[in-house]
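Peer 1: Mind having a look at this structure? Questions to follow.
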Amino acid sequence: MTGDFVLWGQRRKSETMKGHRTAEVGMKAEVGDELTISGHRVGEPPRVGKILEVRGADGGPPYRVLWDDSGHATLLFPGPDASIKHLKGASA
Amino acid sequence: MKVRDLTWRPPVTIDCGAMISAAAELLTDEGVGALVVLDHDRPVGIVTDRDLVTRGLAKRVPLDARIDSLMSMGVVVLDADEDAEELFAVFARHAVRRVPIVEGHRVVGMVTLDDALVSTVTELTDLAGVLSTQIAFPSSSSEPPTPVVIDSEYA
């Protein structure tokens, strides 16, 4: 293990539409964290990037993310398919 | 040219728990092709009129289902102070036709590929007008003529 997975803080379920996919709220990140977007189709690899900048208040989005696959940086509000892995202080 | 110099439209948003039928009505009433989907006022996705057809209607998803079941998750945005070239790069890299624009962490607008094209063509038209004037009136230049040096040995 190289660090702790932290999803979007607490998940919440809609009070009016229970049982449907729920969005996640409370995502927090720091510069240097790893952001992963899961694949949406069978066999599609997850997309992984490093957070270069945190624009929102209190660690919230948008984040500037440098993608491993393309080498490009993107300013992004992550969706519910994203997770953040804190790497700061993790053992190598 | 900066992104903020391009034509913008205010973003039209919808809550992630809203019904698909409400999204269709909003798209119609506002005359836009895409909605930014919010969860607790934070963007979490985008849904387009095409999504309603290809992911909803074509797959017989009920109209009272949640709109976030049809949205594209995550929202790639661009800062208003970025160069327009970066916007074109985002259109190309992400195969999207609409990009929300942010100032700080707030979404303040939506720029479409159509808007960007019109703005670019308008700028090129202005530039072509300057060039046409210079071609039509070449003597209007205020620059002094370039001096010609003649080598005395061959004069």
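By convention here, the chains of the structure tokens are called A, B, ... in the order presented, each chain's residues are numbered starting at 1, and ligands are numbered starting at 1 in the order presented.
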Could you make a table, as a tab-separated table, of the residues of chain B that have an atom within 7 Å of an atom of chain A, each with its nearest atom pair and distance in Å to one decimal, counting only C-alpha atoms, in chain and number order?
Peer 2:
residue	atom	partner	partner_atom	distance
B:Asp39	CA	A:Ala23	CA	6.8
B:Pro43	CA	A:Phe77	CA	6.2
B:Val44	CA	A:Gly79	CA	4.4
B:Gly45	CA	A:Gly79	CA	6.0
B:Met73	CA	A:Gly79	CA	4.7
B:Gly74	CA	A:Gly79	CA	3.8
B:Val75	CA	A:Phe77	CA	5.0
B:Val76	CA	A:Leu76	CA	4.5
B:Val77	CA	A:Leu75	CA	5.5
B:Leu78	CA	A:Leu75	CA	6.2
B:Gly104	CA	A:Arg55	CA	6.5
B:His105	CA	A:Gly56	CA	5.3
Peer 1: Could the residues in this selection be saved with C-alpha atoms as a PDB file, in the first residue's frame?
Peer 2:
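Result file selection.pdb:
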ATOM      1  CA  ASP B  39     -24.822  18.130  -6.662  1.00  0.00           C
ATOM      2  CA  PRO B  43     -20.733  20.468 -10.918  1.00  0.00           C
ATOM      3  CA  VAL B  44     -20.548  16.684 -11.232  1.00  0.00           C
ATOM      4  CA  GLY B  45     -21.480  16.144 -14.879  1.00  0.00           C
ATOM      5  CA  MET B  73     -19.607  12.164 -15.325  1.00  0.00           C
ATOM      6  CA  GLY B  74     -17.059  14.822 -14.471  1.00  0.00           C
ATOM      7  CA  VAL B  75     -16.830  18.284 -15.987  1.00  0.00           C
ATOM      8  CA  VAL B  76     -13.764  19.507 -17.844  1.00  0.00           C
ATOM      9  CA  VAL B  77     -13.670  23.276 -17.443  1.00  0.00           C
ATOM     10  CA  LEU B  78     -11.420  26.096 -18.569  1.00  0.00           C
ATOM     11  CA  GLY B 104     -11.743  30.784  -9.623  1.00  0.00           C
ATOM     12  CA  HIS B 105     -13.904  27.837  -8.625  1.00  0.00           C
TER      13      HIS B 105
END
Peer 1: Write down as a ChimeraX atom specification the residues belonging to chain B that are assigned strand (DSSP E) by DSSP computed on the backbone.
Peer 2: /B:13-15,34-39,42-48,72-73,75-79,98-103,106-112
Peer 1: Tell me which protein, DNA and RNA residues are within 10 Å of segment 109-118 of chain B, counting only C-alpha atoms, leaving out same-chain ones fewer than 3 positions away, and put them as a PyMOL selection string.
Peer 2: chain B and resi 3-12+33-36+77-78+80+84+87-88+91+96-103+106+121-124
Peer 1: Could you turn the residues from that selection into a file that holds N, CA and C atoms, as a tab-separated table (two decimals), in the first residue's frame?
Peer 2:
chain	number	residue	atom	x	y	z
B	3	VAL	N	-9.99	33.25	-23.56
B	3	VAL	CA	-11.29	32.58	-23.55
B	3	VAL	C	-12.39	33.57	-23.21
B	4	ARG	N	-12.10	34.52	-22.31
B	4	ARG	CA	-13.14	35.47	-21.91
B	4	ARG	C	-13.53	36.39	-23.06
B	5	ASP	N	-12.71	36.48	-24.11
B	5	ASP	CA	-13.03	37.33	-25.25
B	5	ASP	C	-14.00	36.66	-26.21
B	6	LEU	N	-14.19	35.36	-26.05
B	6	LEU	CA	-15.11	34.64	-26.93
B	6	LEU	C	-16.55	34.85	-26.45
B	7	THR	N	-17.46	34.48	-27.33
B	7	THR	CA	-18.88	34.59	-26.96
B	7	THR	C	-19.23	33.56	-25.91
B	8	TRP	N	-19.87	34.02	-24.86
B	8	TRP	CA	-20.28	33.13	-23.76
B	8	TRP	C	-21.78	33.10	-23.65
B	9	ARG	N	-22.25	32.06	-23.02
B	9	ARG	CA	-23.65	32.03	-22.58
B	9	ARG	C	-23.62	31.71	-21.09
B	10	PRO	N	-24.57	32.22	-20.36
B	10	PRO	CA	-24.62	31.83	-18.95
B	10	PRO	C	-24.87	30.32	-18.85
B	11	PRO	N	-24.31	29.66	-17.86
B	11	PRO	CA	-24.53	28.22	-17.73
B	11	PRO	C	-25.96	27.94	-17.29
B	12	VAL	N	-26.54	26.90	-17.83
B	12	VAL	CA	-27.87	26.45	-17.38
B	12	VAL	C	-27.64	25.17	-16.61
B	33	GLY	N	-28.20	23.42	-25.57
B	33	GLY	CA	-28.01	22.02	-25.92
B	33	GLY	C	-27.41	21.18	-24.82
B	34	ALA	N	-27.06	21.84	-23.70
B	34	ALA	CA	-26.42	21.08	-22.62
B	34	ALA	C	-26.72	21.73	-21.27
B	35	LEU	N	-26.78	20.89	-20.26
B	35	LEU	CA	-26.99	21.36	-18.90
B	35	LEU	C	-25.82	20.90	-18.03
B	36	VAL	N	-25.39	21.77	-17.13
B	36	VAL	CA	-24.40	21.37	-16.12
B	36	VAL	C	-25.17	20.76	-14.96
B	77	VAL	N	-13.40	21.84	-17.35
B	77	VAL	CA	-13.67	23.28	-17.44
B	77	VAL	C	-12.39	24.01	-17.87
B	78	LEU	N	-12.57	25.30	-18.15
B	78	LEU	CA	-11.42	26.10	-18.57
B	78	LEU	C	-11.51	27.45	-17.88
B	80	ALA	N	-11.29	31.39	-17.48
B	80	ALA	CA	-11.60	32.48	-18.41
B	80	ALA	C	-10.35	33.19	-18.90
B	84	ALA	N	-7.26	31.25	-25.98
B	84	ALA	CA	-8.28	30.55	-26.75
B	84	ALA	C	-7.73	29.27	-27.36
B	87	LEU	N	-8.54	26.39	-25.39
B	87	LEU	CA	-9.93	25.94	-25.56
B	87	LEU	C	-10.03	25.00	-26.76
B	88	PHE	N	-9.39	25.38	-27.86
B	88	PHE	CA	-9.45	24.53	-29.05
B	88	PHE	C	-8.80	23.17	-28.74
B	91	PHE	N	-11.30	21.08	-26.85
B	91	PHE	CA	-12.29	20.53	-27.78
B	91	PHE	C	-11.72	19.30	-28.47
B	96	VAL	N	-15.38	17.08	-27.15
B	96	VAL	CA	-16.60	17.72	-26.66
B	96	VAL	C	-16.88	18.96	-27.51
B	97	ARG	N	-18.11	19.43	-27.45
B	97	ARG	CA	-18.51	20.62	-28.22
B	97	ARG	C	-18.85	21.79	-27.30
B	98	ARG	N	-18.81	21.54	-25.99
B	98	ARG	CA	-19.15	22.61	-25.04
B	98	ARG	C	-18.21	22.51	-23.85
B	99	VAL	N	-17.72	23.65	-23.40
B	99	VAL	CA	-16.83	23.66	-22.24
B	99	VAL	C	-17.29	24.76	-21.28
B	100	PRO	N	-17.59	24.39	-20.04
B	100	PRO	CA	-17.91	25.42	-19.04
B	100	PRO	C	-16.67	26.25	-18.72
B	101	ILE	N	-16.91	27.52	-18.46
B	101	ILE	CA	-15.83	28.46	-18.15
B	101	ILE	C	-15.91	28.82	-16.67
B	102	VAL	N	-14.75	28.85	-16.01
B	102	VAL	CA	-14.74	29.17	-14.59
B	102	VAL	C	-13.91	30.41	-14.32
B	103	GLU	N	-14.31	31.09	-13.27
B	103	GLU	CA	-13.49	32.14	-12.68
B	103	GLU	C	-13.25	31.69	-11.24
B	106	ARG	N	-15.81	29.08	-9.56
B	106	ARG	CA	-17.21	29.24	-9.95
B	106	ARG	C	-17.38	29.08	-11.45
B	121	VAL	N	-13.72	33.34	-36.73
B	121	VAL	CA	-13.97	33.80	-38.10
B	121	VAL	C	-14.13	35.32	-38.12
B	122	THR	N	-14.82	35.86	-37.10
B	122	THR	CA	-15.00	37.31	-37.02
B	122	THR	C	-13.65	38.01	-36.92
B	123	GLU	N	-12.76	37.44	-36.09
B	123	GLU	CA	-11.43	38.04	-35.94
B	123	GLU	C	-10.65	37.96	-37.26
B	124	LEU	N	-10.76	36.82	-37.93
B	124	LEU	CA	-10.06	36.66	-39.21
B	124	LEU	C	-10.63	37.62	-40.25
Peer 1: Taking the chain letters and numbering used in this document, name the residues of segment 6-125 of chain B that DSSP puts in alpha helix (DSSP H), as a PyMOL selection string.
Peer 2: chain B and resi 20-30+49-51+84-94+113-125
Peer 1: Restricting the output to C-alpha atoms, write the selected residues as an mmCIF file, in the first residue's frame.
Peer 2:
data_model
loop_
_atom_site.group_PDB
_atom_site.id
_atom_site.type_symbol
_atom_site.label_atom_id
_atom_site.label_comp_id
_atom_site.auth_asym_id
_atom_site.auth_seq_id
_atom_site.Cartn_x
_atom_site.Cartn_y
_atom_site.Cartn_z
ATOM 1 C CA ILE B 20 -35.176 13.430 -17.203
ATOM 2 C CA SER B 21 -38.425 15.081 -18.270
ATOM 3 C CA ALA B 22 -37.480 18.207 -16.277
ATOM 4 C CA ALA B 23 -34.124 18.319 -18.067
ATOM 5 C CA ALA B 24 -35.838 18.072 -21.452
ATOM 6 C CA GLU B 25 -38.150 20.931 -20.524
ATOM 7 C CA LEU B 26 -35.221 23.043 -19.319
ATOM 8 C CA LEU B 27 -33.247 22.439 -22.512
ATOM 9 C CA THR B 28 -36.303 23.497 -24.521
ATOM 10 C CA ASP B 29 -37.206 26.538 -22.427
ATOM 11 C CA GLU B 30 -33.634 27.872 -22.261
ATOM 12 C CA ASP B 49 -29.789 16.882 -25.759
ATOM 13 C CA ARG B 50 -28.058 14.057 -27.603
ATOM 14 C CA ASP B 51 -27.561 12.174 -24.311
ATOM 15 C CA ALA B 84 -8.283 30.548 -26.752
ATOM 16 C CA GLU B 85 -5.817 28.045 -28.224
ATOM 17 C CA GLU B 86 -6.173 26.033 -25.019
ATOM 18 C CA LEU B 87 -9.932 25.942 -25.559
ATOM 19 C CA PHE B 88 -9.447 24.527 -29.045
ATOM 20 C CA ALA B 89 -7.071 21.940 -27.568
ATOM 21 C CA VAL B 90 -9.702 20.927 -25.005
ATOM 22 C CA PHE B 91 -12.293 20.533 -27.776
ATOM 23 C CA ALA B 92 -9.865 18.300 -29.658
ATOM 24 C CA ARG B 93 -8.555 16.212 -26.747
ATOM 25 C CA HIS B 94 -11.867 15.509 -25.091
ATOM 26 C CA LEU B 113 -17.508 25.012 -30.452
ATOM 27 C CA ASP B 114 -19.904 27.041 -32.632
ATOM 28 C CA ASP B 115 -19.310 30.182 -30.556
ATOM 29 C CA ALA B 116 -15.550 29.705 -30.745
ATOM 30 C CA LEU B 117 -15.701 29.227 -34.511
ATOM 31 C CA VAL B 118 -17.814 32.360 -35.032
ATOM 32 C CA SER B 119 -15.495 34.431 -32.811
ATOM 33 C CA THR B 120 -12.441 33.165 -34.679
ATOM 34 C CA VAL B 121 -13.966 33.804 -38.105
ATOM 35 C CA THR B 122 -15.001 37.309 -37.021
ATOM 36 C CA GLU B 123 -11.434 38.040 -35.945
ATOM 37 C CA LEU B 124 -10.065 36.658 -39.211
ATOM 38 C CA THR B 125 -12.576 38.785 -41.151
#
Peer 1: To one decimal place, how far is atom CA of Arg47 of chain A from atom CA of Glu34 of chain A in Å?
Peer 2: 10.4 Å
Peer 1: For a test of reading the model, state the distance in Å between atom CA of Gly32 of chain A and atom CA of Val48 of chain A, rounded to one decimal.
Peer 2: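 Calculated distance between atom CA of Gly32 of chain A and atom CA of Val48 of chain A is 12.4 Å.
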Peer 1: I'd like the contact shell of segment 53-58 of chain B - 10 Å cut-off, only C-alpha atoms, skipping same-chain residues fewer than 5 positions apart - returned as an mmCIF file with C-alpha atoms, in the first residue's frame.
Peer 2:
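Output (around.cif):
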data_model
loop_
_atom_site.group_PDB
_atom_site.id
_atom_site.type_symbol
_atom_site.label_atom_id
_atom_site.label_comp_id
_atom_site.auth_asym_id
_atom_site.auth_seq_id
_atom_site.Cartn_x
_atom_site.Cartn_y
_atom_site.Cartn_z
ATOM 1 C CA ILE B 20 -35.176 13.430 -17.203
ATOM 2 C CA THR B 48 -26.704 17.096 -23.602
ATOM 3 C CA LEU B 63 -38.774 9.918 -18.171
ATOM 4 C CA ALA B 65 -35.569 8.547 -13.890
ATOM 5 C CA ILE B 67 -30.933 12.911 -14.901
ATOM 6 C CA SER B 69 -28.249 8.346 -14.912
ATOM 7 C CA LEU B 70 -27.735 9.877 -18.383
ATOM 8 C CA MET B 71 -25.028 12.452 -17.722
#
Peer 1: Which residue out of A:Glu53, A:Asp33, A:Trp67, A:Gly59 has the minimum interatomic distance to Ile84 of chain A when only C-alpha atoms are used?
Peer 2: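 Closest to Ile84 of chain A, using only C-alpha atoms: A:Asp33.
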Peer 1: One number please: atom CA of Lys88 of chain A to atom CA of Gly39 of chain A, in Å, one decimal.
Peer 2: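 Between atom CA of Lys88 of chain A and atom CA of Gly39 of chain A the gap works out to 25.1 Å.
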